[in-house]
file target-v4.cif (mmCIF, C-alpha atoms)
data_structure
#
loop_
_atom_site.label_atom_id
_atom_site.label_comp_id
_atom_site.auth_asym_id
_atom_site.auth_seq_id
_atom_site.Cartn_x
_atom_site.Cartn_y
_atom_site.Cartn_z
CA MET M 1107 -38.89 -4.49 12.49
CA SER M 1108 -36.96 -1.21 12.51
CA ALA M 1109 -36.16 0.70 9.31
CA LEU M 1110 -32.52 -0.37 9.63
CA GLU M 1111 -33.45 -4.04 10.05
CA GLN M 1112 -35.74 -3.75 7.04
CA THR M 1113 -32.98 -2.18 4.92
CA THR M 1114 -30.47 -4.78 6.07
CA ALA M 1115 -32.86 -7.57 5.13
CA GLU M 1116 -33.50 -6.03 1.70
CA ILE M 1117 -29.79 -5.66 0.95
CA ASP M 1118 -29.06 -9.19 2.17
CA CYS M 1119 -31.72 -10.34 -0.23
CA VAL M 1120 -29.88 -8.62 -3.13
CA LEU M 1121 -26.58 -10.21 -2.08
CA SER M 1122 -28.24 -13.64 -1.87
CA LYS M 1123 -29.63 -13.16 -5.37
CA VAL M 1124 -26.17 -12.25 -6.68
CA VAL M 1125 -24.96 -15.65 -5.47
CA ALA M 1126 -28.04 -17.60 -6.55
CA THR M 1127 -28.07 -16.15 -10.09
CA TRP M 1128 -24.30 -16.74 -10.42
CA ASN M 1129 -24.60 -20.37 -9.36
CA HIS M 1130 -27.50 -20.88 -11.79
CA HIS M 1131 -25.40 -19.11 -14.45
CA ASP M 1132 -28.43 -16.92 -15.11
CA VAL M 1133 -26.53 -13.90 -16.40
CA LYS M 1134 -29.61 -11.88 -17.30
CA ALA M 1135 -31.09 -12.20 -13.81
CA ASN M 1136 -27.68 -11.39 -12.33
CA ALA M 1137 -27.31 -8.23 -14.42
CA ALA M 1138 -30.83 -7.15 -13.44
CA LEU M 1139 -29.50 -6.64 -9.89
CA PHE M 1140 -27.39 -3.70 -11.17
CA THR M 1141 -28.41 -0.14 -12.01
CA GLU M 1142 -28.37 0.90 -15.66
CA ASP M 1143 -25.20 2.99 -15.06
CA ALA M 1144 -23.42 0.59 -12.70
CA ASP M 1145 -19.64 0.15 -12.65
CA PHE M 1146 -17.99 -3.23 -12.18
CA VAL M 1147 -14.26 -3.79 -11.69
CA ASN M 1148 -13.33 -7.46 -11.85
CA VAL M 1149 -10.41 -9.38 -10.31
CA VAL M 1150 -8.10 -8.78 -13.28
CA GLY M 1151 -8.72 -5.03 -13.17
CA VAL M 1152 -11.12 -4.74 -16.07
CA ARG M 1153 -13.78 -2.09 -15.65
CA MET M 1154 -17.22 -2.62 -17.13
CA ARG M 1155 -19.43 0.44 -17.51
CA GLY M 1156 -23.17 -0.01 -17.40
CA ARG M 1157 -25.48 -2.99 -16.95
CA LYS M 1158 -25.31 -3.95 -20.64
CA GLU M 1159 -21.53 -4.27 -20.61
CA ILE M 1160 -21.63 -6.13 -17.27
CA GLU M 1161 -24.11 -8.59 -18.75
CA ALA M 1162 -22.16 -9.05 -22.01
CA GLN M 1163 -18.86 -9.76 -20.24
CA HIS M 1164 -20.43 -12.18 -17.79
CA GLU M 1165 -22.35 -13.93 -20.52
CA LYS M 1166 -18.97 -14.84 -22.07
CA LEU M 1167 -17.55 -15.95 -18.72
CA HIS M 1168 -20.49 -18.19 -17.88
CA ARG M 1169 -20.31 -19.86 -21.28
CA THR M 1170 -16.62 -20.67 -20.72
CA LEU M 1171 -14.40 -20.71 -17.66
CA MET M 1172 -17.10 -19.95 -15.10
CA ARG M 1173 -19.69 -22.43 -16.47
CA ASN M 1174 -19.28 -24.81 -13.50
CA SER M 1175 -18.24 -22.31 -10.87
CA VAL M 1176 -20.03 -22.17 -7.52
CA VAL M 1177 -19.70 -19.23 -5.14
CA SER M 1178 -20.72 -18.82 -1.53
CA ILE M 1179 -20.69 -15.94 0.92
CA GLN M 1180 -18.45 -16.54 3.92
CA GLN M 1181 -18.99 -13.23 5.65
CA ARG M 1182 -20.56 -9.89 4.91
CA SER M 1183 -20.71 -6.48 6.54
CA LEU M 1184 -22.85 -3.49 5.77
CA ARG M 1185 -22.72 0.25 6.32
CA LEU M 1186 -25.44 2.75 5.44
CA LEU M 1187 -23.97 5.98 4.01
CA SER M 1188 -27.38 7.64 3.72
CA SER M 1189 -30.97 6.41 3.73
CA ASP M 1190 -30.54 5.41 0.07
CA VAL M 1191 -26.86 4.50 -0.29
CA ALA M 1192 -25.06 1.60 1.35
CA VAL M 1193 -21.73 -0.16 1.09
CA ALA M 1194 -21.39 -3.90 1.62
CA HIS M 1195 -18.25 -6.01 1.83
CA VAL M 1196 -18.58 -9.68 0.97
CA GLN M 1197 -15.93 -12.31 1.58
CA TRP M 1198 -16.56 -15.10 -0.88
CA GLU M 1199 -15.33 -18.56 -1.80
CA MET M 1200 -15.44 -20.02 -5.30
CA LYS M 1201 -14.94 -23.57 -6.49
CA GLY M 1202 -15.07 -25.01 -9.99
CA GLY M 1203 -13.56 -22.16 -12.01
CA GLU M 1204 -11.48 -23.20 -15.03
CA LYS M 1205 -7.92 -22.20 -15.96
CA VAL M 1206 -7.08 -19.58 -18.54
CA ALA M 1207 -3.74 -18.33 -19.92
CA GLY M 1208 -2.34 -15.45 -17.90
CA TRP M 1209 -4.63 -15.91 -14.94
CA ASP M 1210 -3.83 -18.36 -12.22
CA VAL M 1211 -7.32 -19.45 -11.16
CA ARG M 1212 -6.95 -21.52 -8.01
CA GLU M 1213 -8.99 -24.66 -7.30
CA THR M 1214 -10.66 -22.94 -4.38
CA ARG M 1215 -10.55 -19.17 -4.57
CA HIS M 1216 -11.19 -16.64 -1.83
CA GLY M 1217 -11.75 -12.96 -2.31
CA ILE M 1218 -13.58 -9.86 -1.32
CA PHE M 1219 -16.21 -7.77 -3.06
CA THR M 1220 -17.04 -4.16 -2.32
CA TYR M 1221 -20.63 -3.43 -3.36
CA ILE M 1222 -22.14 0.04 -3.50
CA LEU M 1223 -25.92 -0.13 -3.37
CA VAL M 1224 -28.54 2.53 -4.00
CA ARG M 1225 -32.28 2.52 -3.46
CA GLU M 1226 -34.03 3.40 -6.72
CA ASN M 1227 -37.83 3.64 -6.65
CA GLY M 1228 -37.88 1.75 -3.38
CA ARG M 1229 -35.68 -1.08 -4.64
CA TRP M 1230 -32.03 -1.69 -3.69
CA LEU M 1231 -29.72 -2.21 -6.67
CA ILE M 1232 -25.95 -2.48 -7.07
CA THR M 1233 -24.39 0.59 -8.66
CA GLY M 1234 -20.76 -0.27 -8.01
CA ALA M 1235 -18.95 -3.59 -7.61
CA HIS M 1236 -15.24 -4.22 -7.22
CA ASN M 1237 -13.74 -7.66 -6.71
CA THR M 1238 -10.28 -8.89 -5.72
CA ASP M 1239 -8.82 -12.32 -4.99
CA THR M 1240 -7.24 -12.63 -1.58
CA VAL M 1241 -3.74 -14.02 -2.04
CA ALA M 1242 -1.09 -14.86 0.54
CA VAL M 1243 1.68 -12.28 0.54
CA ASN M 1244 4.20 -11.96 3.35
CA LEU M 1245 4.80 -8.25 3.61
CA PRO M 1246 8.02 -7.23 5.34
CA ASN M 1247 7.67 -5.84 8.86
CA MET F 470 -19.34 27.77 -10.66
CA SER F 471 -22.29 25.39 -10.30
CA ALA F 472 -22.74 23.18 -7.24
CA LEU F 473 -21.74 20.18 -9.35
CA GLU F 474 -18.58 21.87 -10.62
CA GLN F 475 -17.75 22.85 -7.07
CA THR F 476 -18.22 19.28 -5.83
CA THR F 477 -16.19 17.87 -8.72
CA ALA F 478 -13.35 20.28 -7.94
CA GLU F 479 -13.43 19.36 -4.25
CA ILE F 480 -13.32 15.63 -4.97
CA ASP F 481 -10.54 16.07 -7.54
CA CYS F 482 -8.63 17.87 -4.84
CA VAL F 483 -8.98 14.86 -2.52
CA LEU F 484 -7.80 12.50 -5.29
CA SER F 485 -4.82 14.75 -6.00
CA LYS F 486 -3.93 14.71 -2.32
CA VAL F 487 -4.09 10.91 -2.27
CA VAL F 488 -1.41 10.90 -4.97
CA ALA F 489 0.70 13.71 -3.50
CA THR F 490 0.77 12.21 0.01
CA TRP F 491 1.58 8.75 -1.43
CA ASN F 492 4.47 10.10 -3.47
CA HIS F 493 5.80 12.00 -0.45
CA HIS F 494 5.32 8.80 1.59
CA ASP F 495 3.47 10.91 4.14
CA VAL F 496 1.30 8.14 5.54
CA LYS F 497 -0.33 10.24 8.24
CA ALA F 498 -1.48 12.90 5.76
CA ASN F 499 -2.69 10.14 3.42
CA ALA F 500 -4.73 8.46 6.16
CA ALA F 501 -6.25 11.82 7.11
CA LEU F 502 -8.09 11.75 3.76
CA PHE F 503 -10.19 8.79 5.02
CA THR F 504 -13.14 8.75 7.39
CA GLU F 505 -12.62 7.21 10.83
CA ASP F 506 -14.66 4.13 9.81
CA ALA F 507 -13.34 3.79 6.23
CA ASP F 508 -12.80 0.44 4.53
CA PHE F 509 -9.83 -0.27 2.29
CA VAL F 510 -9.35 -3.41 0.19
CA ASN F 511 -5.88 -3.59 -1.33
CA VAL F 512 -4.63 -5.35 -4.47
CA VAL F 513 -3.91 -8.62 -2.66
CA GLY F 514 -7.40 -8.73 -1.21
CA VAL F 515 -6.61 -7.62 2.31
CA ARG F 516 -9.32 -5.56 3.95
CA MET F 517 -8.38 -2.83 6.40
CA ARG F 518 -11.12 -1.53 8.67
CA GLY F 519 -10.89 2.03 9.90
CA ARG F 520 -8.44 4.87 9.42
CA LYS F 521 -6.09 3.61 12.15
CA GLU F 522 -5.66 0.23 10.49
CA ILE F 523 -5.28 1.84 7.05
CA GLU F 524 -2.54 4.06 8.42
CA ALA F 525 -0.73 1.24 10.25
CA GLN F 526 -0.68 -1.04 7.17
CA HIS F 527 0.51 1.73 4.88
CA GLU F 528 3.14 2.87 7.36
CA LYS F 529 4.70 -0.61 7.01
CA LEU F 530 4.45 -0.51 3.20
CA HIS F 531 6.04 2.92 2.87
CA ARG F 532 8.95 1.87 5.11
CA THR F 533 9.60 -1.13 2.87
CA LEU F 534 8.50 -2.10 -0.63
CA MET F 535 6.68 1.14 -1.45
CA ARG F 536 9.40 3.50 -0.13
CA ASN F 537 10.42 4.61 -3.65
CA SER F 538 7.11 4.12 -5.42
CA VAL F 539 5.59 6.91 -7.49
CA VAL F 540 1.96 6.88 -8.60
CA SER F 541 0.10 8.99 -11.10
CA ILE F 542 -3.52 9.27 -12.18
CA GLN F 543 -4.07 8.38 -15.82
CA GLN F 544 -7.83 8.85 -15.92
CA ARG F 545 -10.64 9.37 -13.47
CA SER F 546 -14.42 9.42 -13.60
CA LEU F 547 -16.95 10.54 -11.05
CA ARG F 548 -20.59 9.90 -10.25
CA LEU F 549 -22.63 11.59 -7.55
CA LEU F 550 -24.96 9.13 -5.80
CA SER F 551 -26.51 11.82 -3.60
CA SER F 552 -25.53 15.34 -2.60
CA ASP F 553 -23.13 13.86 -0.03
CA VAL F 554 -22.02 10.55 -1.52
CA ALA F 555 -19.92 10.03 -4.64
CA VAL F 556 -18.09 7.23 -6.38
CA ALA F 557 -14.86 7.82 -8.28
CA HIS F 558 -12.88 5.42 -10.46
CA VAL F 559 -9.20 6.16 -10.88
CA GLN F 560 -6.92 4.44 -13.36
CA TRP F 561 -3.39 4.69 -12.01
CA GLU F 562 0.19 3.91 -12.94
CA MET F 563 2.92 3.06 -10.45
CA LYS F 564 6.66 2.88 -10.87
CA GLY F 565 9.37 2.03 -8.36
CA GLY F 566 7.61 -0.61 -6.25
CA GLU F 567 9.86 -3.38 -4.89
CA LYS F 568 9.44 -7.16 -5.20
CA VAL F 569 8.14 -9.35 -2.41
CA ALA F 570 7.68 -13.12 -2.12
CA GLY F 571 4.28 -14.26 -3.37
CA TRP F 572 3.43 -11.03 -5.13
CA ASP F 573 4.64 -10.33 -8.63
CA VAL F 574 5.07 -6.55 -8.51
CA ARG F 575 5.73 -5.38 -12.05
CA GLU F 576 8.23 -2.65 -12.93
CA THR F 577 5.41 -0.44 -14.16
CA ARG F 578 2.02 -1.33 -12.71
CA HIS F 579 -1.38 -0.26 -13.89
CA GLY F 580 -4.59 -0.63 -11.98
CA ILE F 581 -7.90 0.79 -11.00
CA PHE F 582 -9.23 2.18 -7.73
CA THR F 583 -12.87 2.51 -6.76
CA TYR F 584 -13.28 5.29 -4.20
CA ILE F 585 -16.46 5.95 -2.24
CA LEU F 586 -16.50 9.49 -0.91
CA VAL F 587 -18.79 11.16 1.61
CA ARG F 588 -19.17 14.77 2.65
CA GLU F 589 -18.72 15.06 6.41
CA ASN F 590 -19.11 18.52 7.97
CA GLY F 591 -18.71 20.08 4.54
CA ARG F 592 -15.52 18.17 3.73
CA TRP F 593 -15.20 15.28 1.26
CA LEU F 594 -13.44 12.22 2.67
CA ILE F 595 -12.89 8.68 1.41
CA THR F 596 -14.99 6.09 3.23
CA GLY F 597 -14.31 3.16 0.91
CA ALA F 598 -11.36 2.29 -1.31
CA HIS F 599 -10.80 -0.85 -3.35
CA ASN F 600 -7.77 -1.37 -5.58
CA THR F 601 -6.90 -3.95 -8.25
CA ASP F 602 -4.00 -4.38 -10.65
CA THR F 603 -5.01 -4.56 -14.28
CA VAL F 604 -3.42 -7.66 -15.79
CA ALA F 605 -3.57 -9.03 -19.32
CA VAL F 606 -5.82 -12.07 -19.51
CA ASN F 607 -7.15 -13.46 -22.75
CA LEU F 608 -10.62 -14.63 -21.91
CA PRO F 609 -12.13 -17.17 -24.29
CA ASN F 610 -14.82 -15.87 -26.62
#
call {"tool": "encode", "arguments": {"input": "target-v4.cif", "output": "structure tokens"}}
result
Amino acid sequence: MSALEQTTAEIDCVLSKVVATWNHHDVKANAALFTEDADFVNVVGVRMRGRKEIEAQHEKLHRTLMRNSVVSIQQRSLRLLSSDVAVAHVQWEMKGGEKVAGWDVRETRHGIFTYILVRENGRWLITGAHNTDTVAVNLPN
Amino acid sequence: MSALEQTTAEIDCVLSKVVATWNHHDVKANAALFTEDADFVNVVGVRMRGRKEIEAQHEKLHRTLMRNSVVSIQQRSLRLLSSDVAVAHVQWEMKGGEKVAGWDVRETRHGIFTYILVRENGRWLITGAHNTDTVAVNLPN
């Protein structure tokens, strides 16, 4: 296995754990995939700074409107920016999210995550995450 | 000036140019701030791959609903991930965008950009951009 294949496999493992911990609503294990100083921008444009804040916000979500949500990865791509920094794009699907005032959560949602990953002490962790729902808009030509 | 101050100044210069070229609707100059293989995820969850696609999509936008739009940076933060990779978060405000079916463009928009920057041949360029509108949602406690 080449170094690149090894790195790809390690990062795919992190992305799989993001999904698995979300679907088990294990917020602590999910947050442990992030660096201490990670940034997270969610689909309504709220920025969380640091693992603690990411965990606290998601703890609330998984007790309420995300308690029955199930996500899956539809497609992912990966680029290495250096030997220890990578960027991954993940197209996802979510079912089972609940409605909340001011946010039109669809029955089946699709969206895209940008993940920035760094290797710290030999272990890949997420240091930046940014998520957006993909919505149908007909832009003029 | 320390190396860090120098880097910070160089990256701030790139971010300023993003705004200046947007407000002049100079799409070619804007696209020139991105690497050839850059990724861009816009606020409606559309991913553009590569500078050419970023330029083509924005050319359409600046001919139509963004032709009179004006953006400004309200706040920005910066983290160096290595000597040649950085992540910046930019809170922005936009006025003057036009309405389009399926997308509720507000009179004054606020949002947040994640930018991933790399130093290529001594020059900082954007290799990843992800943008989301910040909308008011009252999440349950």
call {"tool": "closest_atom_pairs", "arguments": {"input": "target-v4.cif", "of": "chain M", "to": "chain F", "cutoff": "9 Å", "atoms": "only C-alpha atoms", "output": "Markdown table"}}
result
| residue | atom | partner | partner_atom | distance |
| --- | --- | --- | --- | --- |
| M:Asp1145 | CA | F:His558 | CA | 8.8 |
| M:Val1147 | CA | F:Ile581 | CA | 7.9 |
| M:Asn1148 | CA | F:Thr601 | CA | 8.2 |
| M:Val1149 | CA | F:Thr601 | CA | 6.8 |
| M:Val1150 | CA | F:Thr603 | CA | 5.3 |
| M:Gly1151 | CA | F:Thr603 | CA | 3.9 |
| M:Val1152 | CA | F:Thr603 | CA | 6.4 |
| M:Arg1153 | CA | F:Ile581 | CA | 8.0 |
| M:Lys1166 | CA | F:Asn610 | CA | 6.2 |
| M:Leu1167 | CA | F:Leu608 | CA | 7.7 |
| M:Arg1169 | CA | F:Asn610 | CA | 8.6 |
| M:Thr1170 | CA | F:Pro609 | CA | 6.7 |
| M:Leu1171 | CA | F:Pro609 | CA | 7.9 |
| M:Leu1187 | CA | F:Val554 | CA | 7.4 |
| M:Ser1188 | CA | F:Val554 | CA | 8.0 |
| M:Asp1190 | CA | F:Ser551 | CA | 8.4 |
| M:Val1191 | CA | F:Leu550 | CA | 7.4 |
| M:Val1193 | CA | F:Gly597 | CA | 8.1 |
| M:His1195 | CA | F:Asp508 | CA | 8.9 |
| M:Val1206 | CA | F:Leu608 | CA | 7.0 |
| M:Ala1207 | CA | F:Asn607 | CA | 6.6 |
| M:Gly1208 | CA | F:Val606 | CA | 5.1 |
| M:Trp1209 | CA | F:Val606 | CA | 6.1 |
| M:His1216 | CA | F:Gly514 | CA | 8.8 |
| M:Gly1217 | CA | F:Gly514 | CA | 6.2 |
| M:Ile1218 | CA | F:Gly514 | CA | 6.3 |
| M:Phe1219 | CA | F:Val510 | CA | 8.8 |
| M:Thr1220 | CA | F:His599 | CA | 7.1 |
| M:Ile1222 | CA | F:Ile585 | CA | 8.3 |
| M:Val1224 | CA | F:Leu550 | CA | 7.7 |
| M:Gly1234 | CA | F:Val556 | CA | 8.1 |
| M:Ala1235 | CA | F:Thr583 | CA | 8.7 |
| M:His1236 | CA | F:His599 | CA | 6.8 |
| M:Asn1237 | CA | F:Thr601 | CA | 7.9 |
| M:Thr1238 | CA | F:Gly514 | CA | 5.4 |
| M:Asp1239 | CA | F:Gly514 | CA | 5.4 |
| M:Thr1240 | CA | F:Gly514 | CA | 3.9 |
| M:Val1241 | CA | F:Val513 | CA | 5.4 |
| M:Ala1242 | CA | F:Gly571 | CA | 6.7 |
| M:Val1243 | CA | F:Gly571 | CA | 5.1 |
| M:Asn1244 | CA | F:Ala570 | CA | 6.6 |
| M:Leu1245 | CA | F:Val569 | CA | 7.0 |
| M:Pro1246 | CA | F:Thr533 | CA | 6.8 |
| M:Asn1247 | CA | F:Lys529 | CA | 6.3 |
call {"tool": "closest_residue", "arguments": {"input": "target-v4.cif", "among": "M:Ser1108, M:Thr1141, M:Ser1175, M:Ser1183", "to": "Trp1230 of chain M", "atoms": "all atoms listed in the file"}}
result
M:Thr1141
call {"tool": "atom_distance", "arguments": {"input": "target-v4.cif", "atom1": "atom CA of Ala1137 of chain M", "atom2": "atom CA of Thr477 of chain F"}}
result
28.9 Å
call {"tool": "residues_around", "arguments": {"input": "target-v4.cif", "residues": "segment 1200-1204 of chain M", "least_positions_apart": "2", "cutoff": "7 Å", "atoms": "only C-alpha atoms", "output": "JSON, numbers by chain"}}
result
{"M": [1171, 1172, 1174, 1175, 1176, 1177, 1178, 1198, 1206, 1211, 1213, 1214, 1215, 1216]}
call {"tool": "atom_distance", "arguments": {"input": "target-v4.cif", "atom1": "atom CA of Val496 of chain F", "atom2": "atom CA of His527 of chain F"}}
result
6.5 Å
call {"tool": "residues_around", "arguments": {"input": "target-v4.cif", "residues": "Asn1136 of chain M", "least_positions_apart": "3", "cutoff": "7 Å", "atoms": "all atoms listed in the file", "output": "VMD selection string"}}
result
chain M and resid 1124 1127 to 1128 1132 to 1133 1139
call {"tool": "atom_distance", "arguments": {"input": "target-v4.cif", "atom1": "atom CA of Arg588 of chain F", "atom2": "atom CA of Cys482 of chain F"}}
result
13.3 Å
call {"tool": "closest_residue", "arguments": {"input": "target-v4.cif", "among": "F:Lys568, F:Ile542, F:Ala557, F:Leu549", "to": "Val488 of chain F", "atoms": "all atoms listed in the file"}}
result
F:Ile542
call {"tool": "build_atoms", "arguments": {"input": "target-v4.cif", "residues": "segment 1176-1186 of chain M", "atoms": "all heavy atoms", "output": "tab-separated table (two decimals), in the frame of the given file"}}
result
chain	number	residue	atom	x	y	z
M	1176	VAL	N	-19.05	-22.30	-8.60
M	1176	VAL	CA	-20.03	-22.17	-7.52
M	1176	VAL	C	-19.45	-21.22	-6.47
M	1176	VAL	O	-18.34	-21.45	-5.98
M	1176	VAL	CB	-20.31	-23.54	-6.86
M	1176	VAL	CG1	-21.31	-23.39	-5.70
M	1176	VAL	CG2	-20.85	-24.54	-7.89
M	1177	VAL	N	-20.18	-20.17	-6.16
M	1177	VAL	CA	-19.70	-19.23	-5.14
M	1177	VAL	C	-20.57	-19.31	-3.88
M	1177	VAL	O	-21.73	-19.72	-3.93
M	1177	VAL	CB	-19.70	-17.77	-5.65
M	1177	VAL	CG1	-18.67	-17.57	-6.75
M	1177	VAL	CG2	-21.08	-17.32	-6.10
M	1178	SER	N	-19.96	-18.93	-2.77
M	1178	SER	CA	-20.72	-18.82	-1.53
M	1178	SER	C	-20.20	-17.62	-0.74
M	1178	SER	O	-19.05	-17.22	-0.90
M	1178	SER	CB	-20.60	-20.10	-0.71
M	1178	SER	OG	-19.25	-20.38	-0.45
M	1179	ILE	N	-21.07	-17.06	0.07
M	1179	ILE	CA	-20.69	-15.94	0.92
M	1179	ILE	C	-20.20	-16.49	2.25
M	1179	ILE	O	-20.88	-17.30	2.88
M	1179	ILE	CB	-21.90	-14.99	1.17
M	1179	ILE	CG1	-22.30	-14.30	-0.15
M	1179	ILE	CG2	-21.57	-13.96	2.25
M	1179	ILE	CD1	-23.51	-13.37	-0.02
M	1180	GLN	N	-18.99	-16.07	2.64
M	1180	GLN	CA	-18.45	-16.54	3.92
M	1180	GLN	C	-18.74	-15.55	5.03
M	1180	GLN	O	-18.91	-15.94	6.18
M	1180	GLN	CB	-16.95	-16.75	3.77
M	1180	GLN	CG	-16.63	-17.79	2.71
M	1180	GLN	CD	-15.29	-18.40	2.94
M	1180	GLN	OE1	-14.28	-17.71	2.94
M	1180	GLN	NE2	-15.26	-19.70	3.17
M	1181	GLN	N	-18.77	-14.28	4.66
M	1181	GLN	CA	-18.99	-13.23	5.65
M	1181	GLN	C	-19.42	-11.98	4.92
M	1181	GLN	O	-18.99	-11.76	3.78
M	1181	GLN	CB	-17.67	-12.95	6.37
M	1181	GLN	CG	-17.81	-12.57	7.83
M	1181	GLN	CD	-16.44	-12.38	8.47
M	1181	GLN	OE1	-15.59	-13.26	8.42
M	1181	GLN	NE2	-16.22	-11.22	9.06
M	1182	ARG	N	-20.25	-11.17	5.53
M	1182	ARG	CA	-20.56	-9.89	4.91
M	1182	ARG	C	-20.74	-8.83	5.99
M	1182	ARG	O	-21.13	-9.13	7.12
M	1182	ARG	CB	-21.80	-9.99	4.01
M	1182	ARG	CG	-23.14	-9.95	4.70
M	1182	ARG	CD	-23.75	-8.57	4.64
M	1182	ARG	NE	-25.03	-8.52	5.32
M	1182	ARG	CZ	-25.19	-8.31	6.61
M	1182	ARG	NH1	-24.15	-8.14	7.41
M	1182	ARG	NH2	-26.39	-8.27	7.15
M	1183	SER	N	-20.44	-7.59	5.63
M	1183	SER	CA	-20.71	-6.48	6.54
M	1183	SER	C	-21.36	-5.37	5.73
M	1183	SER	O	-21.26	-5.35	4.50
M	1183	SER	CB	-19.43	-5.98	7.20
M	1183	SER	OG	-18.57	-5.45	6.22
M	1184	LEU	N	-21.99	-4.48	6.42
M	1184	LEU	CA	-22.85	-3.49	5.77
M	1184	LEU	C	-22.75	-2.17	6.51
M	1184	LEU	O	-22.78	-2.14	7.73
M	1184	LEU	CB	-24.29	-4.02	5.83
M	1184	LEU	CG	-25.37	-3.34	5.03
M	1184	LEU	CD1	-25.06	-3.40	3.55
M	1184	LEU	CD2	-26.70	-4.03	5.29
M	1185	ARG	N	-22.66	-1.09	5.73
M	1185	ARG	CA	-22.72	0.25	6.32
M	1185	ARG	C	-23.66	1.10	5.48
M	1185	ARG	O	-23.54	1.13	4.26
M	1185	ARG	CB	-21.34	0.93	6.30
M	1185	ARG	CG	-20.45	0.56	7.46
M	1185	ARG	CD	-19.30	1.55	7.62
M	1185	ARG	NE	-18.37	1.50	6.50
M	1185	ARG	CZ	-17.84	2.58	5.94
M	1185	ARG	NH1	-18.17	3.80	6.34
M	1185	ARG	NH2	-16.98	2.44	4.94
M	1186	LEU	N	-24.57	1.80	6.13
M	1186	LEU	CA	-25.44	2.75	5.44
M	1186	LEU	C	-24.73	4.09	5.37
M	1186	LEU	O	-24.29	4.61	6.40
M	1186	LEU	CB	-26.77	2.90	6.18
M	1186	LEU	CG	-27.86	1.91	5.83
M	1186	LEU	CD1	-29.09	2.18	6.67
M	1186	LEU	CD2	-28.22	1.97	4.35
